[in-house]
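Structure first, then comments.
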Amino acid sequence: MSVVLQMTAFGIALLSILFLVIATCTDCWMVNADDSLEVSHKCRGLWRECVTNMQDGVKTCDQYDSILADHPVKIVVTRTLLITADLLAGLALATLLLGLDCIKFLKEEPRVKLKMCYGAGVILGIGSVLGLVGSVWYAVDVYVERATLVSHNIFLGVHYDFGWSCWLGMAGSTGCLVASVMLTCCLYVRTGSSSRPGPQRPAYPGGRTATGKMYAMDSRV
């Protein structure tokens, strides 16, 4: 049963890490929400801003300045947290892969492989928290920025809302957290219950010891 649990956690972790990497690299963290003319579709990401003409489908992107240049706090924080989450999740996935029972690596050391699964779960949990904080930080900042403009009756021609990259980052981080719980709590409960020794049975039926049985045979003689 622990093998099924490990493989399920590995599948969820693999898919979630893929979501995280795609969210980090793509450019739709913010999208225009209420462009009444609908002549263009604007996306803002962590690395560049892209505009797609709705009439001819031509897409043009403006690369942000260098990483060391001054950027809004939400971009800097989200970049740092998402990249760190990607690295930790990748390390956890590699550790988990080597710790799976179906992999021949350290096959004669089941305790070591189990500890590798636990370690992968812990690292994956840390990465998931960082990814969630980064994604939610960006989403909250977008909401606050839009609410501030609305409260002051300021209209800049277009308002931005959460993009699919932001939702993908949240989904990937949540999936990593689920895989982390499966590898730590659920796997510990499963392996702990299976390794507990069962009730000891008497060596002979009726609880008779070896000395008692020999005494009974001698008395019969």
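Naming scheme: A, B, ... for chains in displayed order of the structure tokens; residues 1 onward per chain; ligands 1 onward as shown.
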Please list as a ChimeraX atom specification every residue within 12 Å of Leu87 in chain A, counting only C-alpha atoms and excluding residues in the same chain fewer than 2 positions away. /A:17-18,20-21,24,80-85,89-94,123-124,126-128,130-131
Can you tell me which residues surround Cys117 in chain A at a distance of at most 8 Å, considering only C-alpha atoms, apart from same-chain residues fewer than 4 positions away, and format the answer as a ChimeraX atom specification? /A:95-96,99-100,113,121,183-184
Quick one: pick out all alpha helix (DSSP H) residues within range 7-188 of chain A from a backbone DSSP run and write them as an MDAnalysis selection string. chainID A and resid 7:25 73:99 110:151 164:181 187:188
Can you tell me which residues surround Val77 in chain A at a distance of at most 10 Å, considering only C-alpha atoms, apart from same-chain residues fewer than 2 positions away, and format the answer as a PyMOL selection string? chain A and resi 71-75+79-82+133-135+137-138
Just checking: using only C-alpha atoms, which residue out of A:Asp101, A:Asp141, A:Asp86, A:Glu109 ends up closest to Val129 in chain A?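 The shortest atom-to-atom distance to Val129 in chain A comes from A:Asp86.
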Which of range 4-188 of chain A DSSP labels strand (DSSP E), written as a list of chain:residue names: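 Matching residues, listed in order: A:Met30, A:Val31, A:Asn32, A:Ser40, A:His41, A:Lys42, A:Cys43, A:Arg44, A:Arg48, A:Glu49, A:Cys50, A:Val51, A:Thr52, A:Asn53, A:Lys59, A:Thr60, A:Cys61, A:Asp62, A:Gln63, A:Tyr160, A:Asp161, A:Phe162.
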Restricting the output to N, CA and C atoms, write the selected residues as a tab-separated table (two decimals), in the first residue's frame.
```tsv
chain	number	residue	atom	x	y	z
A	30	MET	N	-1.12	39.02	-15.07
A	30	MET	CA	-2.17	40.05	-15.07
A	30	MET	C	-2.72	40.18	-16.49
A	31	VAL	N	-4.04	40.26	-16.62
A	31	VAL	CA	-4.67	40.44	-17.93
A	31	VAL	C	-5.64	41.61	-17.85
A	32	ASN	N	-5.85	42.28	-18.99
A	32	ASN	CA	-6.80	43.39	-19.00
A	32	ASN	C	-8.21	42.85	-18.81
A	40	SER	N	-7.43	44.66	-28.30
A	40	SER	CA	-6.16	44.04	-27.94
A	40	SER	C	-6.31	43.30	-26.62
A	41	HIS	N	-5.45	42.33	-26.45
A	41	HIS	CA	-5.43	41.53	-25.21
A	41	HIS	C	-4.06	41.72	-24.58
A	42	LYS	N	-4.04	42.31	-23.39
A	42	LYS	CA	-2.79	42.66	-22.73
A	42	LYS	C	-2.52	41.68	-21.58
A	43	CYS	N	-1.29	41.23	-21.51
A	43	CYS	CA	-0.84	40.34	-20.43
A	43	CYS	C	0.45	40.88	-19.83
A	44	ARG	N	0.53	40.82	-18.52
A	44	ARG	CA	1.75	41.19	-17.82
A	44	ARG	C	2.25	39.99	-17.04
A	48	ARG	N	8.07	40.00	-18.77
A	48	ARG	CA	7.78	40.88	-19.89
A	48	ARG	C	6.28	41.15	-19.94
A	49	GLU	N	5.91	42.10	-20.80
A	49	GLU	CA	4.51	42.46	-21.01
A	49	GLU	C	4.18	42.26	-22.49
A	50	CYS	N	3.09	41.58	-22.76
A	50	CYS	CA	2.73	41.24	-24.14
A	50	CYS	C	1.34	41.79	-24.47
A	51	VAL	N	1.20	42.21	-25.75
A	51	VAL	CA	-0.07	42.72	-26.26
A	51	VAL	C	-0.39	41.95	-27.54
A	52	THR	N	-1.60	41.39	-27.59
A	52	THR	CA	-2.03	40.62	-28.75
A	52	THR	C	-3.16	41.37	-29.44
A	53	ASN	N	-2.99	41.66	-30.71
A	53	ASN	CA	-4.03	42.33	-31.49
A	53	ASN	C	-5.14	41.32	-31.78
A	59	LYS	N	1.19	39.28	-32.00
A	59	LYS	CA	1.57	39.44	-30.59
A	59	LYS	C	2.93	40.11	-30.51
A	60	THR	N	2.99	41.18	-29.73
A	60	THR	CA	4.24	41.88	-29.51
A	60	THR	C	4.52	41.92	-28.01
A	61	CYS	N	5.78	41.75	-27.65
A	61	CYS	CA	6.16	41.69	-26.24
A	61	CYS	C	7.28	42.67	-25.98
A	62	ASP	N	7.21	43.32	-24.83
A	62	ASP	CA	8.24	44.23	-24.36
A	62	ASP	C	8.95	43.59	-23.18
A	63	GLN	N	10.21	43.28	-23.37
A	63	GLN	CA	10.99	42.68	-22.30
A	63	GLN	C	11.27	43.73	-21.22
A	160	TYR	N	-6.64	45.72	-14.79
A	160	TYR	CA	-6.06	44.39	-14.86
A	160	TYR	C	-6.68	43.48	-13.81
A	161	ASP	N	-6.76	42.20	-14.15
A	161	ASP	CA	-7.27	41.17	-13.24
A	161	ASP	C	-6.27	40.02	-13.20
A	162	PHE	N	-6.54	39.04	-12.34
A	162	PHE	CA	-5.63	37.90	-12.24
A	162	PHE	C	-5.60	37.14	-13.57
```
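Coordinates place CA of Leu46 in chain A at a distance of 12.0 Å from CA of Gly169 in chain A.
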